[in-house]
Amino acid sequence: MAIAEVEKRRAQHAVLSIAAVVILLGIPMWWRTTATYRAWLPVAQIQELAKLQLLLSADIEVVFARGTLTPEQQKKIPVTHTRDEEHAIDGGTSLTYRYETRYRTATIMEEDAMNQPTAAATDLSLNTLSESPCGSLVVYVIPKSSSLLPQDVDVYVGRRRTALLRVDVETKAGKTLDQVLAGVESRVKKVLQVMSFNHGDIMAALSDRVRLSPGSTQIKTDSVRAFKSSPGYEITFSLLNPDPKSHRLYWDIEGAVRTYIQPLLSKLSPVANFSVDSQILHYAMLGVTSHFDGGYGAYTLSADSLTHVINLVEARLVSNAASSNPLLNFLLYVPDAQHSPLRILDHQKRQVASNAFHSPRWGGIMVYNVNGFYGPHATFPVDVDINMAEVMGVFLAQLRLLLGVQPSAPPEGFLMAPPGSSGLSDWELDRLMWSRSVENIATATTSITSLAQLLDQIDNIVINDNIAQQVSSAVASLQLAAAELESGNLAFALQYSKEAILASEQAFFDPSLLHLLYFPNDQKFAIYIPLFVPITMPILLSLLKIASDARQRRRDKQAKKD
């Protein structure tokens with residue numbers, strides 16, 4: 001009996017030792033080694049970003065020229081005036097536009113600059129005196145008697161960030177300074193709608209985040225036409241020669257890009273990076289049948305058939321497959337001798353003056369007729385030297401539209417200065433930068449909040465340190481971009497917003513975050529149960545037996561005491 005009791009206790013001690021090792025060492029080690037590693041994410045800051053509240057601040061300087069204010073009014077003119085304009089878009093998005101206006105009188109040098117014979121010369125002289133920072137505007141108020149502007153023009157919008165505003169000095173007699181400033185402010189507001197951000201541009205930038213109202217048809221059209229914001233773009237110019245037997249085509253594409261396109265791309269460098277290439281495709285047909293129209297004396301393509309042209313031509317185009325940047329295609333099609341001249345008709349069956357069309361978020365196609373080279377004694381193939389100035393004029397206008405430089409129709413009484421050799425005015429660049437900054441912030445915020453929701457719902461996805469670093473970087477850049485927008489520092493706001501969208505996209509599309517890489521919980525149970533049940537059942541039964549014996553001994557002792 002004594003030997004049996006000793007063996008029994010030895011077995012109990014062995015079971016308890018094994019159970020202690022399993023519970024105190026085995027289970028924690030298994031839990032630690034099989035736990036999903038999830039690096040820390042700034043969840044609280046991400047939740048704050050989910051409710052997008054942007055404040056856009058624009059600096060405006062209003063300069064009164066001689067003859068626009070009385071001497072008494074000049075003494076009382078306020079230094080600054082701030083006006084906020086709030087827009088509640090939806091439950092998760094709100095916008096506030098802050099216009100900080102500074103008033104002053106013109107200096108002697110500015111008065112001399114405004115004595116130039118023309119508004120263009122005045123604009124050049126004023127910008128020589130001082131350079132306005134990015135995102136700001138300077139409005140020079142000139143008297144009605146000034147000869148700088150034609151009689152039917154009240155506002156001249158310059159190439160830089162300056163505008164000339166004519167006011168009626170005869171009507172200010174007897175008015176208080178507040179009344180004069182109120183009248184000027186309403187006129188300045190119209191200038192801001194043209195030269196700076198406006199609600200339509202910002203709503204177009206938020207079109208992927210908020211649902212536009214049914215009346216926002218023009219906003220929808222503008223937002224769909226332009227390419228979405230991207231850190232870089234690929235631009236390809238293609239020459240399509242359907243019949244090399246009819247003509248040999250010569251185009252100086254390198255010189256044309258250097259002369260007409262590169263100045264615009266250089267000015268757009270704060271917005272994105274650009275790469276340009278070209279190609280020539282022989283025996284490349286449009287793929288649609290043109291019909292001869294006796295009324296026009298030419299073959300014609302209807303507006304309804306233009307969509308089929310892109311689908312058929314796109315298969316022949318060669319693109320850079322290694323790049324993930326959006327591709328802008330610009331095609332120059334030279335019809336063969338049997339189908340020349342070829343004219344493009346609009347939906348009203350009228351000839352398109354440029355003989356070209358563009359497709360939203362794809363590119364543009366221009367038909368270049370060379371039937372004038374086909375004389376009665378022409379020898380085929382005819383040598384054709386393409387007029388690149390004519391071609392690039394069309395492609396430049398299409399490129400502006402596709403990149404989001406909206407062709408805002410000037411209101412009545414406005415005169416717009418031509419953009420110059422760069423193809424883009426400074427204030428047009430500012431408008432684009434405002435829109436791109438807001439679009440980048442909205443896109444990056446949506447990506448980060450969606451990623452946080454995904455990781456919160458699926459708890460078995462590993463969050464590596466590099467992903468956490470990218471998310472933290474995106475959140476920090478978003479906060480900095482919003483702060484710079486509020487301060488009116490447009491260049492810094494755009495730079496931080498680009499950094500935010502890059503970090504957010506890298507984190508969102510990281511290959512390690514694919515849910516298919518990890519086992520769901522039901523499959524984990526199916527794997528672990530066959531392993532753990534054979535081990536745990538004997539230990540469990542032995543522990544139950546030990547507990548039962550212990551209870552029995554206590555009952556026996558209690559019985560002896562009784």
# chains A, B, ... in the order shown; residues from 1 in each chain; ligands from 1
>>> select_by_dssp(residues="segment 285-338 of chain A", states="strand (DSSP E)", output="PyMOL selection string")
chain A and resi 291-293+298-301+327-333
>>> write_last_selection(atoms="N, CA and C atoms", output="tab-separated table (two decimals), in the first residue's frame")
chain	number	residue	atom	x	y	z
A	291	HIS	N	-16.98	59.75	-94.55
A	291	HIS	CA	-17.89	59.89	-95.69
A	291	HIS	C	-17.65	61.24	-96.34
A	292	PHE	N	-17.71	61.24	-97.68
A	292	PHE	CA	-17.50	62.48	-98.42
A	292	PHE	C	-18.76	63.32	-98.37
A	293	ASP	N	-18.58	64.57	-97.98
A	293	ASP	CA	-19.69	65.51	-97.88
A	293	ASP	C	-19.49	66.57	-98.95
A	298	ALA	N	-15.25	67.76	-98.65
A	298	ALA	CA	-14.23	67.04	-97.89
A	298	ALA	C	-14.85	65.80	-97.27
A	299	TYR	N	-13.99	64.88	-96.88
A	299	TYR	CA	-14.43	63.74	-96.09
A	299	TYR	C	-14.65	64.22	-94.66
A	300	THR	N	-15.64	63.64	-93.99
A	300	THR	CA	-15.99	64.13	-92.66
A	300	THR	C	-16.08	62.97	-91.67
A	301	LEU	N	-15.79	63.32	-90.42
A	301	LEU	CA	-15.97	62.42	-89.28
A	301	LEU	C	-16.97	63.07	-88.33
A	327	LEU	N	-0.93	58.51	-68.36
A	327	LEU	CA	-0.38	58.74	-69.70
A	327	LEU	C	-1.30	59.67	-70.47
A	328	LEU	N	-0.72	60.74	-71.02
A	328	LEU	CA	-1.44	61.67	-71.88
A	328	LEU	C	-1.00	61.44	-73.31
A	329	ASN	N	-1.95	61.10	-74.17
A	329	ASN	CA	-1.66	60.80	-75.57
A	329	ASN	C	-2.07	61.98	-76.45
A	330	PHE	N	-1.18	62.37	-77.32
A	330	PHE	CA	-1.48	63.40	-78.31
A	330	PHE	C	-1.12	62.84	-79.68
A	331	LEU	N	-2.13	62.67	-80.51
A	331	LEU	CA	-1.96	62.01	-81.81
A	331	LEU	C	-2.17	63.00	-82.94
A	332	LEU	N	-1.24	62.99	-83.88
A	332	LEU	CA	-1.35	63.79	-85.10
A	332	LEU	C	-1.58	62.83	-86.26
A	333	TYR	N	-2.76	62.90	-86.85
A	333	TYR	CA	-3.13	61.97	-87.93
A	333	TYR	C	-3.12	62.72	-89.26
>>> residues_around(residues="Glu314 of chain A", least_positions_apart="2", cutoff="12 Å", atoms="only C-alpha atoms", output="PyMOL selection string")
chain A and resi 238+240+281+284-287+307-312+316-319+327-331+362-365
>>> closest_residue(among="A:Val367, A:Ala482, A:Ile261, A:Ala337", to="Leu399 of chain A", atoms="only C-alpha atoms")
A:Ile261
>>> residues_around(residues="Glu48 of chain A", least_positions_apart="3", cutoff="12 Å", atoms="only C-alpha atoms", output="list in words")
Pro42, Val43, Ala44, Gln45, Lys51, Leu52, Gln53, Gly92, Thr93, Thr445, Ile448, Thr449, Val475, Leu478 and Gln479 of chain A
>>> select_by_dssp(residues="segment 92-204 of chain A", states="alpha helix (DSSP H)", output="ChimeraX atom specification")
/A:108-113,119-129,177-195,199-204
>>> write_last_selection(atoms="N, CA and C atoms", output="short mmCIF file (atom, residue, chain, number, x, y, z; two decimals), in the first residue's frame")
data_model
loop_
_atom_site.label_atom_id
_atom_site.label_comp_id
_atom_site.auth_asym_id
_atom_site.auth_seq_id
_atom_site.Cartn_x
_atom_site.Cartn_y
_atom_site.Cartn_z
N ILE A 108 5.28 106.22 -54.70
CA ILE A 108 5.65 107.08 -55.83
C ILE A 108 6.10 106.25 -57.02
N MET A 109 6.86 105.20 -56.78
CA MET A 109 7.33 104.36 -57.88
C MET A 109 6.16 103.63 -58.54
N GLU A 110 5.18 103.23 -57.74
CA GLU A 110 4.00 102.57 -58.32
C GLU A 110 3.17 103.56 -59.13
N GLU A 111 3.09 104.80 -58.67
CA GLU A 111 2.38 105.83 -59.45
C GLU A 111 3.07 106.06 -60.78
N ASP A 112 4.40 106.07 -60.77
CA ASP A 112 5.13 106.22 -62.04
C ASP A 112 4.88 105.03 -62.97
N ALA A 113 4.80 103.82 -62.39
CA ALA A 113 4.55 102.63 -63.21
C ALA A 113 3.16 102.67 -63.82
N ALA A 119 -2.06 99.08 -70.41
CA ALA A 119 -2.21 98.26 -69.21
C ALA A 119 -1.14 97.18 -69.16
N ALA A 120 -0.76 96.61 -70.32
CA ALA A 120 0.26 95.57 -70.34
C ALA A 120 1.60 96.12 -69.86
N ALA A 121 1.95 97.32 -70.32
CA ALA A 121 3.20 97.94 -69.89
C ALA A 121 3.16 98.27 -68.39
N THR A 122 2.01 98.70 -67.91
CA THR A 122 1.86 98.98 -66.48
C THR A 122 2.01 97.72 -65.67
N ASP A 123 1.40 96.63 -66.14
CA ASP A 123 1.51 95.35 -65.42
C ASP A 123 2.96 94.90 -65.35
N LEU A 124 3.70 95.04 -66.45
CA LEU A 124 5.11 94.67 -66.46
C LEU A 124 5.92 95.53 -65.51
N SER A 125 5.65 96.83 -65.49
CA SER A 125 6.40 97.74 -64.62
C SER A 125 6.10 97.47 -63.15
N LEU A 126 4.84 97.21 -62.82
CA LEU A 126 4.48 96.93 -61.43
C LEU A 126 5.11 95.65 -60.93
N ASN A 127 5.19 94.64 -61.77
CA ASN A 127 5.80 93.39 -61.35
C ASN A 127 7.31 93.49 -61.27
N THR A 128 7.89 94.46 -61.98
CA THR A 128 9.32 94.69 -61.86
C THR A 128 9.66 95.27 -60.49
N LEU A 129 8.74 96.06 -59.93
CA LEU A 129 9.00 96.68 -58.63
C LEU A 129 8.99 95.65 -57.51
N LEU A 177 -15.92 106.43 -45.97
CA LEU A 177 -14.86 105.50 -46.33
C LEU A 177 -15.37 104.06 -46.31
N ASP A 178 -16.25 103.75 -45.34
CA ASP A 178 -16.80 102.39 -45.27
C ASP A 178 -17.61 102.07 -46.52
N GLN A 179 -18.36 103.01 -47.03
CA GLN A 179 -19.14 102.78 -48.24
C GLN A 179 -18.23 102.57 -49.45
N VAL A 180 -17.16 103.37 -49.51
CA VAL A 180 -16.21 103.21 -50.62
C VAL A 180 -15.54 101.84 -50.56
N LEU A 181 -15.09 101.44 -49.38
CA LEU A 181 -14.43 100.14 -49.24
C LEU A 181 -15.39 98.99 -49.51
N ALA A 182 -16.66 99.14 -49.12
CA ALA A 182 -17.63 98.10 -49.39
C ALA A 182 -17.84 97.93 -50.89
N GLY A 183 -17.90 99.05 -51.61
CA GLY A 183 -18.04 98.95 -53.06
C GLY A 183 -16.81 98.34 -53.72
N VAL A 184 -15.62 98.71 -53.23
CA VAL A 184 -14.39 98.14 -53.78
C VAL A 184 -14.30 96.65 -53.45
N GLU A 185 -14.72 96.27 -52.23
CA GLU A 185 -14.63 94.88 -51.82
C GLU A 185 -15.49 93.97 -52.70
N SER A 186 -16.67 94.44 -53.07
CA SER A 186 -17.52 93.63 -53.95
C SER A 186 -16.89 93.45 -55.32
N ARG A 187 -16.18 94.47 -55.78
CA ARG A 187 -15.51 94.36 -57.08
C ARG A 187 -14.28 93.46 -56.97
N VAL A 188 -13.56 93.58 -55.85
CA VAL A 188 -12.38 92.73 -55.64
C VAL A 188 -12.79 91.26 -55.55
N LYS A 189 -13.95 90.99 -54.98
CA LYS A 189 -14.43 89.61 -54.86
C LYS A 189 -14.59 88.97 -56.23
N LYS A 190 -15.07 89.74 -57.21
CA LYS A 190 -15.19 89.21 -58.57
C LYS A 190 -13.81 88.91 -59.17
N VAL A 191 -12.83 89.76 -58.84
CA VAL A 191 -11.48 89.51 -59.32
C VAL A 191 -10.93 88.23 -58.70
N LEU A 192 -11.23 88.01 -57.42
CA LEU A 192 -10.77 86.79 -56.76
C LEU A 192 -11.37 85.56 -57.38
N GLN A 193 -12.63 85.62 -57.79
CA GLN A 193 -13.27 84.46 -58.41
C GLN A 193 -12.57 84.05 -59.70
N VAL A 194 -11.90 85.00 -60.32
CA VAL A 194 -11.19 84.71 -61.57
C VAL A 194 -9.74 84.32 -61.32
N MET A 195 -9.05 85.05 -60.44
CA MET A 195 -7.61 84.89 -60.30
C MET A 195 -7.18 83.97 -59.16
N HIS A 199 -15.22 78.55 -55.28
CA HIS A 199 -15.93 77.38 -54.74
C HIS A 199 -16.10 76.29 -55.79
N GLY A 200 -16.26 76.68 -57.05
CA GLY A 200 -16.40 75.68 -58.10
C GLY A 200 -15.15 74.83 -58.27
N ASP A 201 -13.98 75.47 -58.25
CA ASP A 201 -12.72 74.73 -58.38
C ASP A 201 -12.52 73.78 -57.21
N ILE A 202 -12.80 74.25 -56.00
CA ILE A 202 -12.59 73.41 -54.82
C ILE A 202 -13.57 72.25 -54.80
N MET A 203 -14.81 72.48 -55.19
CA MET A 203 -15.78 71.39 -55.23
C MET A 203 -15.40 70.36 -56.29
N ALA A 204 -14.85 70.81 -57.41
CA ALA A 204 -14.37 69.86 -58.41
C ALA A 204 -13.21 69.03 -57.87
#
>>> residues_around(residues="Ser302 of chain A", least_positions_apart="3", cutoff="7 Å", atoms="only C-alpha atoms", output="PyMOL selection string")
chain A and resi 305-306+344-346
>>> write_last_selection(atoms="all heavy atoms", output="PDB file, in the first residue's frame")
ATOM      1  N   SER A 305     -18.705  59.268 -83.966  1.00  0.00           N
ATOM      2  CA  SER A 305     -17.727  58.237 -84.318  1.00  0.00           C
ATOM      3  C   SER A 305     -16.362  58.459 -83.671  1.00  0.00           C
ATOM      4  O   SER A 305     -15.494  57.591 -83.773  1.00  0.00           O
ATOM      5  CB  SER A 305     -17.555  58.180 -85.836  1.00  0.00           C
ATOM      6  OG  SER A 305     -17.007  59.396 -86.327  1.00  0.00           O
ATOM      7  N   LEU A 306     -16.173  59.589 -82.997  1.00  0.00           N
ATOM      8  CA  LEU A 306     -14.842  59.899 -82.464  1.00  0.00           C
ATOM      9  C   LEU A 306     -14.448  58.974 -81.318  1.00  0.00           C
ATOM     10  O   LEU A 306     -13.267  58.675 -81.136  1.00  0.00           O
ATOM     11  CB  LEU A 306     -14.798  61.355 -81.996  1.00  0.00           C
ATOM     12  CG  LEU A 306     -15.049  62.410 -83.091  1.00  0.00           C
ATOM     13  CD1 LEU A 306     -14.964  63.813 -82.514  1.00  0.00           C
ATOM     14  CD2 LEU A 306     -14.054  62.248 -84.243  1.00  0.00           C
ATOM     15  N   ILE A 344     -13.416  67.236 -89.165  1.00  0.00           N
ATOM     16  CA  ILE A 344     -14.148  66.770 -87.992  1.00  0.00           C
ATOM     17  C   ILE A 344     -15.348  67.685 -87.784  1.00  0.00           C
ATOM     18  O   ILE A 344     -15.217  68.916 -87.805  1.00  0.00           O
ATOM     19  CB  ILE A 344     -13.246  66.772 -86.749  1.00  0.00           C
ATOM     20  CG1 ILE A 344     -12.096  65.780 -86.932  1.00  0.00           C
ATOM     21  CG2 ILE A 344     -14.048  66.416 -85.496  1.00  0.00           C
ATOM     22  CD1 ILE A 344     -11.119  65.764 -85.769  1.00  0.00           C
ATOM     23  N   LEU A 345     -16.515  67.085 -87.600  1.00  0.00           N
ATOM     24  CA  LEU A 345     -17.753  67.828 -87.373  1.00  0.00           C
ATOM     25  C   LEU A 345     -18.190  67.672 -85.923  1.00  0.00           C
ATOM     26  O   LEU A 345     -18.005  66.615 -85.312  1.00  0.00           O
ATOM     27  CB  LEU A 345     -18.871  67.325 -88.307  1.00  0.00           C
ATOM     28  CG  LEU A 345     -18.571  67.328 -89.808  1.00  0.00           C
ATOM     29  CD1 LEU A 345     -19.782  66.836 -90.588  1.00  0.00           C
ATOM     30  CD2 LEU A 345     -18.159  68.719 -90.280  1.00  0.00           C
ATOM     31  N   ASP A 346     -18.772  68.729 -85.371  1.00  0.00           N
ATOM     32  CA  ASP A 346     -19.285  68.658 -84.005  1.00  0.00           C
ATOM     33  C   ASP A 346     -20.701  68.103 -84.009  1.00  0.00           C
ATOM     34  O   ASP A 346     -21.210  67.642 -85.036  1.00  0.00           O
ATOM     35  CB  ASP A 346     -19.217  70.033 -83.331  1.00  0.00           C
ATOM     36  CG  ASP A 346     -20.006  71.096 -84.093  1.00  0.00           C
ATOM     37  OD1 ASP A 346     -20.846  70.722 -84.941  1.00  0.00           O
ATOM     38  OD2 ASP A 346     -19.797  72.296 -83.840  1.00  0.00           O
TER      39      ASP A 346
END
>>> atom_distance(atom1="atom CA of Leu415 of chain A", atom2="atom CA of Tyr140 of chain A")
14.6 Å
>>> residues_around(residues="Glu86 of chain A", least_positions_apart="4", cutoff="8 Å", atoms="only C-alpha atoms", output="ChimeraX atom specification")
/A:94-97
>>> closest_residue(among="A:Thr162, A:Ser246, A:Asn273, A:Asn325", to="Thr379 of chain A", atoms="only C-alpha atoms")
A:Ser246
>>> atom_distance(atom1="atom CA of Pro270 of chain A", atom2="atom CA of Met433 of chain A")
8.3 Å
